[in-house]
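**Student:** Encoded as structure tokens, here's the structure I'll be asking about.
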Amino acid sequence: MPLEISPTPDTIIRILMEFKGLDEPIDVKEQKLETPKREGFVVVEWGGSKLD
């Protein structure tokens with residue numbers, strides 16, 4: 001998804017989550033996520049979609 005911001009941010013953090021309901025529990029491996037440094041002008045975008 002294109003994103004245009006002026007002036008240009010020093011840091012951009014974009015999160016997109018997709019999810020759906022389940023009939024039964026499942027095992028999921030823990031993700032290893034790196035925390036980005038927030039320096040200068042920071043833009044954070046959160047979004048999500050429910051899948052049917």
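So you can find residues: chains in the structure tokens are A, B, ... in the order shown, residues in each start at 1, and ligands are numbered from 1 in order.
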Contacts of Gly21 (chain A) at 9 Å or less, counting only C-alpha atoms, minus same-chain residues fewer than 4 places along, as number ranges by chain?
**Tutor:** A: 50-52
**Student:** Excluding Pro9 (chain A) and residues on its chain fewer than 2 positions from it, collect all residues at most 8 Å away from it, counting only C-alpha atoms, and give them as a list in words.
**Tutor:**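 Surrounding residues, per the criterion: Ile5, Ser6, Pro7, Thr11, Ile12, Gly40, Phe41, Val42 and Val43 of chain A.
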**Student:** Tell me which protein, DNA and RNA residues are within 9 Å of Arg14 (chain A), counting only C-alpha atoms, leaving out same-chain ones fewer than 2 positions away, and put them as a PyMOL selection string.
**Tutor:** chain A and resi 12+16+43-47
**Student:** How many Å separate CA of Glu34 (chain A) from CA of Glu18 (chain A)?
**Tutor:**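 Answer for the CA of Glu34 (chain A) to CA of Glu18 (chain A) separation: 19.4 Å.
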**Student:** Which value, in Å to one decimal, gives the distance between CA of Asp10 (chain A) and CA of Arg38 (chain A)?
**Tutor:**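 Between CA of Asp10 (chain A) and CA of Arg38 (chain A) the gap is 8.4 Å.
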**Student:** When DSSP is applied to the backbone of this structure, which of chain A are assigned strand (DSSP E)? Write them out as number ranges by chain.
**Tutor:** A: 11-19, 42-50
**Student:** What gap, in Å, lies between CA of Pro36 (chain A) and CA of Phe19 (chain A)?
**Tutor:** 23.4 Å
